[in-house]
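To be precise, the following lines are coords-v2.pdb, and they hold PDB, C-alpha atoms.
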ATOM      1  CA  MET A   1       6.905  16.007 -25.648
ATOM      2  CA  SER A   2       9.437  14.248 -23.398
ATOM      3  CA  ILE A   3       9.486  10.489 -22.916
ATOM      4  CA  THR A   4       8.191  11.053 -19.373
ATOM      5  CA  GLU A   5       5.147  12.935 -20.637
ATOM      6  CA  ARG A   6       4.545  10.423 -23.415
ATOM      7  CA  LEU A   7       4.622   7.513 -20.971
ATOM      8  CA  LEU A   8       2.172   9.255 -18.654
ATOM      9  CA  ALA A   9      -0.125  10.139 -21.557
ATOM     10  CA  SER A  10      -0.157   6.499 -22.699
ATOM     11  CA  LEU A  11      -1.689   5.158 -19.478
ATOM     12  CA  ARG A  12      -5.281   3.982 -19.761
ATOM     13  CA  ALA A  13      -7.603   6.492 -18.113
ATOM     14  CA  GLU A  14      -9.888   4.016 -16.337
ATOM     15  CA  ARG A  15      -6.970   2.143 -14.781
ATOM     16  CA  ALA A  16      -5.078   5.340 -13.951
ATOM     17  CA  ASP A  17      -7.913   6.241 -11.573
ATOM     18  CA  ALA A  18      -7.329   3.065  -9.539
ATOM     19  CA  ALA A  19      -6.751   3.284  -5.800
ATOM     20  CA  VAL A  20      -3.299   2.506  -4.444
ATOM     21  CA  ARG A  21      -2.945  -0.640  -2.353
ATOM     22  CA  GLU A  22       0.693  -0.337  -1.248
ATOM     23  CA  VAL A  23       3.814   1.732  -1.791
ATOM     24  CA  CYS A  24       6.987   0.025  -0.669
ATOM     25  CA  VAL A  25      10.290   1.907  -0.915
ATOM     26  CA  GLY A  26      12.901  -0.739  -0.173
ATOM     27  CA  ALA A  27      16.650  -0.498   0.155
ATOM     28  CA  PHE A  28      17.197  -1.427  -3.500
ATOM     29  CA  TRP A  29      13.778  -1.605  -5.127
ATOM     30  CA  THR A  30      10.490   0.262  -5.008
ATOM     31  CA  ALA A  31       7.123  -1.411  -5.603
ATOM     32  CA  VAL A  32       3.706   0.137  -6.168
ATOM     33  CA  ALA A  33       0.639  -2.129  -5.968
ATOM     34  CA  LEU A  34      -2.824  -1.067  -7.127
ATOM     35  CA  LYS A  35      -6.340  -2.051  -6.077
ATOM     36  CA  THR A  36      -7.276  -3.450  -9.470
ATOM     37  CA  ASP A  37      -8.856  -6.727 -10.536
ATOM     38  CA  PRO A  38      -6.602  -8.602 -10.909
ATOM     39  CA  PRO A  39      -4.106  -6.793  -8.637
ATOM     40  CA  ARG A  40      -1.311  -5.006 -10.487
ATOM     41  CA  CYS A  41       2.165  -4.089  -9.281
ATOM     42  CA  GLY A  42       5.171  -2.347 -10.790
ATOM     43  CA  LEU A  43       8.852  -2.221  -9.864
ATOM     44  CA  ALA A  44      11.568   0.400 -10.131
ATOM     45  CA  SER A  45      15.041   0.831  -8.708
ATOM     46  CA  THR A  46      15.188   2.935  -5.566
ATOM     47  CA  LEU A  47      17.363   5.911  -6.475
ATOM     48  CA  ARG A  48      18.693   8.340  -3.916
ATOM     49  CA  SER A  49      20.632  11.595  -4.013
ATOM     50  CA  GLU A  50      22.539  13.338  -1.284
ATOM     51  CA  VAL A  51      22.144  16.721  -2.972
ATOM     52  CA  HIS A  52      18.345  16.914  -3.277
ATOM     53  CA  GLU A  53      16.928  19.620  -1.016
ATOM     54  CA  GLY A  54      13.925  18.948   1.180
ATOM     55  CA  PRO A  55      12.360  15.606   2.115
ATOM     56  CA  PRO A  56      12.926  12.819  -0.441
ATOM     57  CA  VAL A  57       9.161  12.090  -0.523
ATOM     58  CA  ARG A  58       7.072  15.168   0.221
ATOM     59  CA  ASP A  59       3.850  13.267   0.988
ATOM     60  CA  ALA A  60       5.414  10.326   2.801
ATOM     61  CA  GLY A  61       2.752   8.684   4.970
ATOM     62  CA  ARG A  62      -0.080   9.930   2.743
ATOM     63  CA  LEU A  63       0.686   8.193  -0.571
ATOM     64  CA  LEU A  64      -2.127   5.648  -0.192
ATOM     65  CA  GLU A  65      -4.592   8.549  -0.356
ATOM     66  CA  LYS A  66      -3.566   9.226  -3.961
ATOM     67  CA  ARG A  67      -4.858   7.645  -7.153
ATOM     68  CA  ALA A  68      -2.572   5.612  -9.385
ATOM     69  CA  LEU A  69      -2.016   8.381 -11.944
ATOM     70  CA  GLU A  70      -1.049  10.829  -9.209
ATOM     71  CA  LEU A  71       1.704   8.460  -8.128
ATOM     72  CA  ALA A  72       2.782   7.863 -11.727
ATOM     73  CA  ALA A  73       3.117  11.635 -12.179
ATOM     74  CA  LEU A  74       5.905  11.585  -9.588
ATOM     75  CA  LEU A  75       8.110  10.352 -12.428
ATOM     76  CA  ARG A  76       8.444  14.056 -13.286
ATOM     77  CA  SER A  77      10.018  14.786  -9.893
ATOM     78  CA  THR A  78      13.582  15.975  -9.414
ATOM     79  CA  SER A  79      13.657  13.935  -6.196
ATOM     80  CA  PRO A  80      15.126  10.527  -7.137
ATOM     81  CA  VAL A  81      13.016   8.681  -4.556
ATOM     82  CA  GLU A  82       9.790  10.295  -5.756
ATOM     83  CA  ALA A  83      10.715   9.576  -9.376
ATOM     84  CA  SER A  84      11.368   5.940  -8.405
ATOM     85  CA  ILE A  85       7.854   5.721  -6.973
ATOM     86  CA  GLY A  86       6.522   7.308 -10.154
ATOM     87  CA  MET A  87       8.340   4.787 -12.349
ATOM     88  CA  ALA A  88       7.004   1.862 -10.313
ATOM     89  CA  ALA A  89       3.473   3.247 -10.659
ATOM     90  CA  VAL A  90       3.923   3.653 -14.428
ATOM     91  CA  ASN A  91       5.072   0.038 -14.660
ATOM     92  CA  ALA A  92       2.040  -1.059 -12.645
ATOM     93  CA  LEU A  93      -0.283   0.805 -15.004
ATOM     94  CA  LEU A  94       1.259  -0.084 -18.369
ATOM     95  CA  GLU A  95      -0.703  -2.433 -20.575
ATOM     96  CA  VAL A  96       1.993  -4.873 -21.682
ATOM     97  CA  ALA A  97       1.451  -6.584 -25.035
ATOM     98  CA  GLU A  98       2.616 -10.032 -23.902
ATOM     99  CA  GLU A  99       2.242 -11.437 -27.419
ATOM    100  CA  ALA A 100       5.004  -9.026 -28.488
ATOM    101  CA  CYS A 101       7.370 -10.237 -25.755
ATOM    102  CA  LEU A 102       9.726 -13.160 -25.323
ATOM    103  CA  GLU A 103      10.803 -14.694 -22.009
ATOM    104  CA  VAL A 104      14.429 -13.844 -22.640
ATOM    105  CA  ASN A 105      16.564 -11.851 -20.227
ATOM    106  CA  ALA A 106      18.796  -8.935 -21.127
ATOM    107  CA  GLU A 107      21.996 -10.855 -20.463
ATOM    108  CA  GLU A 108      21.312 -13.300 -23.282
ATOM    109  CA  VAL A 109      20.471 -10.517 -25.740
ATOM    110  CA  ILE A 110      23.626  -8.546 -24.930
ATOM    111  CA  VAL A 111      25.860 -11.618 -25.150
ATOM    112  CA  GLU A 112      24.350 -12.551 -28.523
ATOM    113  CA  LYS A 113      24.441  -9.073 -30.041
ATOM    114  CA  GLY A 114      27.755  -8.074 -28.441
ATOM    115  CA  ALA A 115      29.914 -11.040 -29.507
ATOM    116  CA  GLY A 116      33.034  -9.610 -31.132
ATOM    117  CA  LYS A 117      31.594  -6.080 -30.945
ATOM    118  CA  LYS A 118      32.177  -2.894 -28.989
ATOM    119  CA  VAL A 119      29.638  -2.743 -26.160
ATOM    120  CA  ALA A 120      28.715   0.180 -23.906
ATOM    121  CA  ILE A 121      26.680  -0.637 -20.809
ATOM    122  CA  VAL A 122      25.103   2.168 -18.807
ATOM    123  CA  GLY A 123      24.777   0.732 -15.313
ATOM    124  CA  HIS A 124      26.762  -1.920 -13.444
ATOM    125  CA  PHE A 125      25.090  -5.316 -13.893
ATOM    126  CA  PRO A 126      26.105  -8.747 -12.522
ATOM    127  CA  PHE A 127      26.456 -10.236 -16.003
ATOM    128  CA  ILE A 128      29.204  -7.846 -17.159
ATOM    129  CA  PRO A 129      32.043 -10.422 -16.725
ATOM    130  CA  ARG A 130      30.240 -12.754 -19.139
ATOM    131  CA  VAL A 131      29.879  -9.955 -21.711
ATOM    132  CA  ARG A 132      33.588  -9.173 -21.385
ATOM    133  CA  ARG A 133      34.406 -12.786 -22.329
ATOM    134  CA  VAL A 134      32.664 -12.528 -25.717
ATOM    135  CA  ALA A 135      32.848  -8.845 -26.703
ATOM    136  CA  ASP A 136      35.778  -7.094 -28.351
ATOM    137  CA  THR A 137      35.514  -4.087 -26.022
ATOM    138  CA  VAL A 138      33.236  -3.373 -23.062
ATOM    139  CA  TRP A 139      32.780   0.022 -21.451
ATOM    140  CA  VAL A 140      30.704   0.285 -18.276
ATOM    141  CA  LEU A 141      29.395   3.731 -17.366
ATOM    142  CA  GLU A 142      28.268   4.330 -13.795
ATOM    143  CA  GLN A 143      27.114   7.239 -11.633
ATOM    144  CA  ARG A 144      29.191   5.685  -8.851
ATOM    145  CA  PRO A 145      32.066   3.920 -10.639
ATOM    146  CA  ARG A 146      33.787   0.882  -9.160
ATOM    147  CA  GLY A 147      36.660  -1.174 -10.456
ATOM    148  CA  ASP A 148      37.047  -0.653 -14.213
ATOM    149  CA  ASP A 149      33.842   1.392 -14.527
ATOM    150  CA  LEU A 150      33.949   4.760 -16.224
ATOM    151  CA  PRO A 151      32.149   7.790 -14.777
ATOM    152  CA  ALA A 152      28.761   8.611 -16.297
ATOM    153  CA  ALA A 153      30.255  11.862 -17.603
ATOM    154  CA  ALA A 154      32.291   9.800 -20.100
ATOM    155  CA  ALA A 155      29.132   8.853 -22.023
ATOM    156  CA  PRO A 156      29.640  11.411 -24.867
ATOM    157  CA  GLN A 157      33.074   9.938 -25.587
ATOM    158  CA  VAL A 158      32.153   6.257 -25.247
ATOM    159  CA  ILE A 159      28.604   5.663 -26.507
ATOM    160  CA  PRO A 160      29.172   6.971 -30.073
ATOM    161  CA  GLN A 161      31.888   4.317 -30.483
ATOM    162  CA  ALA A 162      29.676   1.387 -29.459
ATOM    163  CA  ASP A 163      28.061  -1.195 -31.748
ATOM    164  CA  VAL A 164      25.778  -2.319 -28.909
ATOM    165  CA  VAL A 165      24.471   0.037 -26.218
ATOM    166  CA  ALA A 166      22.662  -1.275 -23.134
ATOM    167  CA  ILE A 167      20.984   1.445 -21.071
ATOM    168  CA  THR A 168      19.628   0.851 -17.592
ATOM    169  CA  GLY A 169      15.950   1.652 -17.129
ATOM    170  CA  THR A 170      16.944   3.960 -14.280
ATOM    171  CA  ALA A 171      17.872   6.489 -16.983
ATOM    172  CA  LEU A 172      14.138   7.166 -17.168
ATOM    173  CA  ILE A 173      14.082   7.861 -13.430
ATOM    174  CA  ASN A 174      17.021  10.267 -13.397
ATOM    175  CA  HIS A 175      15.871  11.869 -16.661
ATOM    176  CA  THR A 176      18.985  11.052 -18.697
ATOM    177  CA  PHE A 177      17.354   8.621 -21.154
ATOM    178  CA  GLU A 178      16.896  11.023 -24.059
ATOM    179  CA  GLU A 179      20.409  12.380 -23.661
ATOM    180  CA  LEU A 180      21.868   8.859 -23.739
ATOM    181  CA  VAL A 181      19.931   7.532 -26.736
ATOM    182  CA  ALA A 182      20.856  10.672 -28.688
ATOM    183  CA  LEU A 183      24.523   9.634 -28.363
ATOM    184  CA  CYS A 184      23.946   6.248 -30.035
ATOM    185  CA  ARG A 185      24.953   5.770 -33.651
ATOM    186  CA  PRO A 186      21.941   5.067 -35.936
ATOM    187  CA  GLU A 187      23.297   1.599 -36.752
ATOM    188  CA  ALA A 188      23.979   0.651 -33.110
ATOM    189  CA  TYR A 189      21.820  -1.988 -31.422
ATOM    190  CA  VAL A 190      20.198  -0.271 -28.422
ATOM    191  CA  LEU A 191      18.678  -2.129 -25.494
ATOM    192  CA  VAL A 192      16.941  -0.687 -22.415
ATOM    193  CA  LEU A 193      17.054  -3.118 -19.527
ATOM    194  CA  GLY A 194      16.358  -3.795 -15.878
ATOM    195  CA  GLY A 195      13.436  -3.956 -13.500
ATOM    196  CA  SER A 196      12.745  -0.254 -13.996
ATOM    197  CA  ALA A 197      12.489  -0.475 -17.797
ATOM    198  CA  PRO A 198       8.918   0.126 -19.005
ATOM    199  CA  LEU A 199       7.711  -2.463 -21.518
ATOM    200  CA  SER A 200       6.293   0.240 -23.767
ATOM    201  CA  PRO A 201       6.746   0.464 -27.549
ATOM    202  CA  LEU A 202       7.088   4.231 -27.120
ATOM    203  CA  LEU A 203      10.797   3.638 -26.475
ATOM    204  CA  PHE A 204      11.176   2.351 -30.029
ATOM    205  CA  ASP A 205      10.508   5.884 -31.271
ATOM    206  CA  TYR A 206      13.860   6.863 -29.723
ATOM    207  CA  GLY A 207      15.934   4.333 -31.648
ATOM    208  CA  VAL A 208      15.656   1.554 -29.068
ATOM    209  CA  ASP A 209      15.696  -1.947 -30.579
ATOM    210  CA  ALA A 210      14.658  -3.982 -27.529
ATOM    211  CA  ILE A 211      13.332  -3.499 -23.997
ATOM    212  CA  ALA A 212      14.171  -6.100 -21.376
ATOM    213  CA  GLY A 213      11.851  -5.461 -18.444
ATOM    214  CA  THR A 214       9.874  -7.172 -15.712
ATOM    215  CA  GLN A 215       6.268  -8.178 -15.177
ATOM    216  CA  VAL A 216       5.047  -8.841 -11.621
ATOM    217  CA  ILE A 217       2.944 -12.012 -11.394
ATOM    218  CA  ASP A 218       2.815 -12.515  -7.604
ATOM    219  CA  VAL A 219       2.085  -9.180  -5.929
ATOM    220  CA  PRO A 220       2.297 -10.283  -2.242
ATOM    221  CA  ALA A 221       5.599 -12.085  -2.828
ATOM    222  CA  VAL A 222       7.119  -9.044  -4.541
ATOM    223  CA  LEU A 223       5.947  -6.619  -1.840
ATOM    224  CA  ARG A 224       7.271  -8.881   0.909
ATOM    225  CA  ALA A 225      10.693  -9.243  -0.693
ATOM    226  CA  VAL A 226      11.065  -5.550  -1.550
ATOM    227  CA  SER A 227      10.082  -4.518   1.984
ATOM    228  CA  GLN A 228      12.790  -6.807   3.367
ATOM    229  CA  GLY A 229      15.614  -5.289   1.324
ATOM    230  CA  ALA A 230      15.753  -7.814  -1.515
ATOM    231  CA  THR A 231      18.091  -7.341  -4.449
ATOM    232  CA  PHE A 232      16.607  -7.908  -7.897
ATOM    233  CA  ARG A 233      17.647 -11.564  -8.044
ATOM    234  CA  GLN A 234      16.069 -12.163  -4.619
ATOM    235  CA  ILE A 235      12.631 -10.917  -5.711
ATOM    236  CA  PRO A 236      10.312 -13.853  -6.534
ATOM    237  CA  GLY A 237       7.031 -13.610  -8.380
ATOM    238  CA  LYS A 238       8.279 -11.863 -11.527
ATOM    239  CA  ARG A 239       8.765 -12.645 -15.205
ATOM    240  CA  LEU A 240      11.636 -11.336 -17.295
ATOM    241  CA  LEU A 241      10.247 -10.237 -20.643
ATOM    242  CA  THR A 242      11.943  -8.746 -23.700
ATOM    243  CA  MET A 243      10.010  -6.717 -26.246
ATOM    244  CA  LYS A 244      11.718  -6.243 -29.613
ATOM    245  CA  ARG A 245      11.030  -3.662 -32.263
TER     246      ARG A 245
END
Now, as a test, write the supplied structure out as C-alpha coordinates.
Amino acid sequence: MSITERLLASLRAERADAAVREVCVGAFWTAVALKTDPPRCGLASTLRSEVHEGPPVRDAGRLLEKRALELAALLRSTSPVEASIGMAAVNALLEVAEEACLEVNAEEVIVEKGAGKKVAIVGHFPFIPRVRRVADTVWVLEQRPRGDDLPAAAAPQVIPQADVVAITGTALINHTFEELVALCRPEAYVLVLGGSAPLSPLLFDYGVDAIAGTQVIDVPAVLRAVSQGATFRQIPGKRLLTMKR
(Lines of atoms letter the chains of each structure in order from A and count residues from 1; the text may use other names and numbers.)
(Lines give C-alpha, C1' and ligand atoms only; values in the text may rest on other atoms or scores of the structure.)
Protein backbone atom coordinates (compact mmCIF):
# COMPACT_ATOMS: atom_id res chain seq x y z
CA MET A 1 0.00 0.00 0.00
CA SER A 2 1.40 3.42 -0.94
CA ILE A 3 1.97 6.17 1.60
CA THR A 4 -0.97 8.04 0.06
CA GLU A 5 -3.32 5.12 0.67
CA ARG A 6 -1.95 4.54 4.16
CA LEU A 7 -2.49 8.18 5.11
CA LEU A 8 -6.06 8.10 3.81
CA ALA A 9 -6.77 4.82 5.62
CA SER A 10 -5.49 6.30 8.90
CA LEU A 11 -8.09 9.08 9.04
CA ARG A 12 -10.76 8.67 11.70
CA ALA A 13 -14.04 7.65 10.10
CA GLU A 14 -16.35 9.90 12.13
CA ARG A 15 -14.25 13.00 11.43
CA ALA A 16 -13.71 12.07 7.78
CA ASP A 17 -17.46 12.46 7.26
CA ALA A 18 -17.32 16.11 8.37
CA ALA A 19 -18.70 18.84 6.14
CA VAL A 20 -16.28 21.23 4.47
CA ARG A 21 -16.37 24.84 5.64
CA GLU A 22 -13.89 26.42 3.21
CA VAL A 23 -11.40 25.54 0.49
CA CYS A 24 -8.91 28.28 -0.24
CA VAL A 25 -6.38 27.79 -3.04
CA GLY A 26 -3.99 30.70 -2.62
CA ALA A 27 -1.02 31.78 -4.68
CA PHE A 28 1.43 29.87 -2.47
CA TRP A 29 -0.64 27.89 0.02
CA THR A 30 -3.86 25.92 0.08
CA ALA A 31 -6.08 25.66 3.16
CA VAL A 32 -9.02 23.35 3.85
CA ALA A 33 -11.25 24.12 6.85
CA LEU A 34 -13.84 21.69 8.21
CA LYS A 35 -17.13 22.14 10.05
CA THR A 36 -15.97 20.32 13.17
CA ASP A 37 -16.12 21.21 16.85
CA PRO A 38 -13.65 22.73 17.39
CA PRO A 39 -13.01 23.89 13.80
CA ARG A 40 -10.10 22.16 12.08
CA CYS A 41 -7.94 23.37 9.21
CA GLY A 42 -5.00 21.97 7.27
CA LEU A 43 -2.37 23.54 5.03
CA ALA A 44 -0.47 22.41 1.96
CA SER A 45 1.69 24.09 -0.64
CA THR A 46 -0.16 25.07 -3.80
CA LEU A 47 1.53 23.09 -6.57
CA ARG A 48 0.90 23.76 -10.23
CA SER A 49 1.93 22.14 -13.50
CA GLU A 50 1.85 23.51 -16.99
CA VAL A 51 1.65 20.03 -18.51
CA HIS A 52 -1.46 18.68 -16.77
CA GLU A 53 -4.32 18.22 -19.22
CA GLY A 54 -7.80 19.44 -18.41
CA PRO A 55 -8.90 21.83 -15.65
CA PRO A 56 -6.60 21.90 -12.60
CA VAL A 57 -9.60 21.30 -10.29
CA ARG A 58 -12.37 19.33 -11.98
CA ASP A 59 -15.08 20.23 -9.46
CA ALA A 60 -14.05 23.83 -8.86
CA GLY A 61 -17.03 25.74 -7.47
CA ARG A 62 -18.59 22.58 -6.02
CA LEU A 63 -15.97 21.49 -3.47
CA LEU A 64 -18.02 22.63 -0.47
CA GLU A 65 -20.62 20.01 -1.41
CA LYS A 66 -18.12 17.24 -0.64
CA ARG A 67 -17.33 15.59 2.67
CA ALA A 68 -13.88 15.87 4.22
CA LEU A 69 -12.72 12.41 3.14
CA GLU A 70 -13.74 13.09 -0.45
CA LEU A 71 -11.45 16.11 -0.48
CA ALA A 72 -8.65 14.17 1.22
CA ALA A 73 -8.92 11.53 -1.53
CA LEU A 74 -7.82 14.18 -4.03
CA LEU A 75 -4.30 13.50 -2.75
CA ARG A 76 -4.36 10.61 -5.24
CA SER A 77 -4.83 13.02 -8.15
CA THR A 78 -2.29 13.56 -10.91
CA SER A 79 -3.39 17.21 -10.98
CA PRO A 80 -0.99 19.09 -8.66
CA VAL A 81 -3.66 21.57 -7.57
CA GLU A 82 -6.14 18.81 -6.71
CA ALA A 83 -3.43 16.89 -4.84
CA SER A 84 -2.61 20.08 -2.91
CA ILE A 85 -6.25 20.32 -1.82
CA GLY A 86 -6.14 16.66 -0.85
CA MET A 87 -3.01 17.15 1.25
CA ALA A 88 -4.54 20.13 3.06
CA ALA A 89 -7.65 18.06 3.82
CA VAL A 90 -5.50 15.19 5.13
CA ASN A 91 -3.68 17.63 7.41
CA ALA A 92 -7.01 18.98 8.64
CA LEU A 93 -8.20 15.46 9.47
CA LEU A 94 -5.07 14.00 11.05
CA GLU A 95 -5.17 13.37 14.77
CA VAL A 96 -1.84 14.84 15.88
CA ALA A 97 -0.31 13.35 19.03
CA GLU A 98 0.83 16.67 20.51
CA GLU A 99 2.52 14.92 23.43
CA ALA A 100 4.89 13.35 20.89
CA CYS A 101 5.80 16.73 19.38
CA LEU A 102 8.19 19.52 20.26
CA GLU A 103 7.79 23.19 19.31
CA VAL A 104 11.00 23.15 17.31
CA ASN A 105 11.21 24.20 13.68
CA ALA A 106 12.95 22.29 10.92
CA GLU A 107 15.73 24.85 10.56
CA GLU A 108 17.03 24.18 14.05
CA VAL A 109 16.96 20.40 13.56
CA ILE A 110 18.83 20.57 10.25
CA VAL A 111 21.46 22.96 11.62
CA GLU A 112 22.02 20.71 14.64
CA LYS A 113 22.13 17.42 12.74
CA GLY A 114 23.95 18.83 9.70
CA ALA A 115 26.91 20.52 11.44
CA GLY A 116 30.06 19.26 9.72
CA LYS A 117 28.03 16.77 7.67
CA LYS A 118 26.91 16.32 4.08
CA VAL A 119 23.34 17.59 3.76
CA ALA A 120 20.86 17.12 0.92
CA ILE A 121 17.78 19.35 0.96
CA VAL A 122 14.89 18.60 -1.37
CA GLY A 123 13.20 21.95 -1.84
CA HIS A 124 14.51 25.52 -1.69
CA PHE A 125 14.00 26.91 1.83
CA PRO A 126 14.89 30.35 3.25
CA PHE A 127 17.20 28.87 5.89
CA ILE A 128 19.61 27.25 3.40
CA PRO A 129 22.32 29.95 3.81
CA ARG A 130 22.46 29.21 7.54
CA VAL A 131 22.84 25.47 6.87
CA ARG A 132 25.66 26.19 4.42
CA ARG A 133 27.56 28.02 7.19
CA VAL A 134 27.69 24.94 9.44
CA ALA A 135 27.57 21.93 7.09
CA ASP A 136 30.51 20.40 5.24
CA THR A 137 28.53 20.11 2.00
CA VAL A 138 25.00 21.20 1.08
CA TRP A 139 23.13 20.09 -2.02
CA VAL A 140 19.76 21.67 -2.80
CA LEU A 141 17.50 19.79 -5.20
CA GLU A 142 14.68 21.70 -6.86
CA GLN A 143 12.05 21.11 -9.54
CA ARG A 144 12.76 24.66 -10.69
CA PRO A 145 16.43 25.25 -9.83
CA ARG A 146 17.79 28.71 -9.07
CA GLY A 147 21.28 29.85 -8.24
CA ASP A 148 23.34 26.90 -6.98
CA ASP A 149 20.36 24.52 -6.88
CA LEU A 150 20.59 21.17 -8.62
CA PRO A 151 17.74 19.82 -10.75
CA ALA A 152 15.45 17.29 -9.06
CA ALA A 153 16.69 14.68 -11.54
CA ALA A 154 20.06 14.72 -9.73
CA ALA A 155 18.52 13.09 -6.64
CA PRO A 156 19.82 9.54 -7.40
CA GLN A 157 23.38 10.86 -7.53
CA VAL A 158 23.19 13.21 -4.54
CA ILE A 159 20.92 11.72 -1.85
CA PRO A 160 22.88 8.46 -1.36
CA GLN A 161 25.93 10.57 -0.43
CA ALA A 162 24.15 12.59 2.27
CA ASP A 163 24.43 12.14 6.04
CA VAL A 164 21.33 14.31 6.55
CA VAL A 165 18.43 14.41 4.10
CA ALA A 166 15.65 17.00 4.41
CA ILE A 167 12.66 16.32 2.16
CA THR A 168 9.93 18.86 1.54
CA GLY A 169 6.42 17.70 2.41
CA THR A 170 5.39 18.57 -1.15
CA ALA A 171 6.99 15.25 -2.15
CA LEU A 172 3.78 13.69 -0.85
CA ILE A 173 1.76 15.94 -3.15
CA ASN A 174 3.74 15.22 -6.31
CA HIS A 175 4.04 11.53 -5.39
CA THR A 176 7.84 11.40 -5.23
CA PHE A 177 8.16 10.73 -1.48
CA GLU A 178 8.70 6.98 -1.65
CA GLU A 179 11.21 7.34 -4.47
CA LEU A 180 13.20 9.91 -2.48
CA VAL A 181 13.30 8.06 0.85
CA ALA A 182 14.40 4.90 -0.97
CA LEU A 183 17.56 6.77 -2.03
CA CYS A 184 18.58 7.56 1.56
CA ARG A 185 21.31 5.51 3.21
CA PRO A 186 20.02 3.50 6.22
CA GLU A 187 22.27 5.47 8.57
CA ALA A 188 21.26 8.89 7.20
CA TYR A 189 19.14 11.22 9.34
CA VAL A 190 15.95 11.87 7.36
CA LEU A 191 13.60 14.77 8.02
CA VAL A 192 10.33 15.62 6.25
CA LEU A 193 9.50 19.29 6.61
CA GLY A 194 7.26 22.18 5.67
CA GLY A 195 3.66 23.23 5.98
CA SER A 196 2.56 20.33 3.78
CA ALA A 197 4.25 17.65 5.90
CA PRO A 198 1.69 15.44 7.68
CA LEU A 199 2.43 14.95 11.38
CA SER A 200 1.78 11.22 11.11
CA PRO A 201 3.97 8.46 12.57
CA LEU A 202 3.28 6.47 9.40
CA LEU A 203 6.23 8.30 7.82
CA PHE A 204 8.55 6.64 10.33
CA ASP A 205 7.88 3.32 8.60
CA TYR A 206 9.76 4.71 5.59
CA GLY A 207 12.98 5.47 7.45
CA VAL A 208 12.04 9.04 8.40
CA ASP A 209 13.53 10.18 11.72
CA ALA A 210 11.57 13.40 12.23
CA ILE A 211 8.62 15.30 10.77
CA ALA A 212 8.58 19.08 11.05
CA GLY A 213 5.04 20.18 10.22
CA THR A 214 2.38 22.72 11.08
CA GLN A 215 -0.73 22.79 13.23
CA VAL A 216 -3.38 25.46 12.56
CA ILE A 217 -4.62 27.08 15.78
CA ASP A 218 -6.49 30.12 14.38
CA VAL A 219 -8.61 29.02 11.42
CA PRO A 220 -10.01 32.45 10.36
CA ALA A 221 -6.56 34.05 10.46
CA VAL A 222 -5.05 31.28 8.33
CA LEU A 223 -7.86 31.38 5.76
CA ARG A 224 -7.63 35.16 5.50
CA ALA A 225 -3.87 35.14 4.97
CA VAL A 226 -3.89 32.27 2.47
CA SER A 227 -6.66 33.92 0.44
CA GLN A 228 -4.58 37.09 0.23
CA GLY A 229 -1.49 35.40 -1.21
CA ALA A 230 0.53 34.98 1.98
CA THR A 231 3.85 33.18 1.98
CA PHE A 232 4.40 30.65 4.75
CA ARG A 233 6.10 33.14 7.07
CA GLN A 234 3.21 35.58 6.58
CA ILE A 235 0.58 33.08 7.76
CA PRO A 236 -0.39 33.74 11.41
CA GLY A 237 -2.31 31.37 13.63
CA LYS A 238 -0.07 28.31 13.28
CA ARG A 239 2.31 26.27 15.42
CA LEU A 240 5.50 24.69 14.14
CA LEU A 241 5.74 21.20 15.58
CA THR A 242 8.37 18.48 15.17
CA MET A 243 7.56 14.84 15.78
CA LYS A 244 10.56 12.55 16.28
CA ARG A 245 10.75 8.80 15.95
Could you state which residues are captured by the PyMOL selection byres ((chain A and resi 57) around 8) in this file, as a list in words?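 Against this file, the PyMOL selection byres ((chain A and resi 57) around 8) returns the residues Pro55, Pro56, Arg58, Asp59, Ala60, Ser79, Val81 and Glu82 of chain A.
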Quick one: apply the PyMOL selection byres ((chain A and resi 7) around 12) to the file and drop the selected residues here as number ranges by chain. A: 1-6, 8-12, 69, 72-73, 75-76, 86-87, 89-91, 93-95, 172, 197-203, 205
Have a look at CA of Ser49 (chain A) and CA of Thr176 (chain A) and let me know their distance in Å, one decimal.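 Distance reported for this atom pair: 14.8 Å.
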Would you mind telling me which residue in A:Leu193, A:Met243, A:Ile167, A:Leu74 lies nearest to Ala106 (chain A) when using only C-alpha atoms?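 Looking at the shortest contact to Ala106 (chain A), the residue is A:Leu193.
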Residues within 8 Å of Ala115 (chain A), all atoms listed in the file, excluding chain neighbours under 4 positions, as an NGL selection string: :A and (111 or 131 or 134-136)
Quick one: of A:Ala171, A:Leu150, A:Val96, A:Ala188, who's nearest to Val119 (chain A), counting only C-alpha atoms?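 Nearest candidate to Val119 (chain A) out of A:Ala171, A:Leu150, A:Val96, A:Ala188: A:Ala188.
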Gap from CA of Leu241 (chain A) to CA of Leu183 (chain A) - Å, one decimal: 25.7 Å
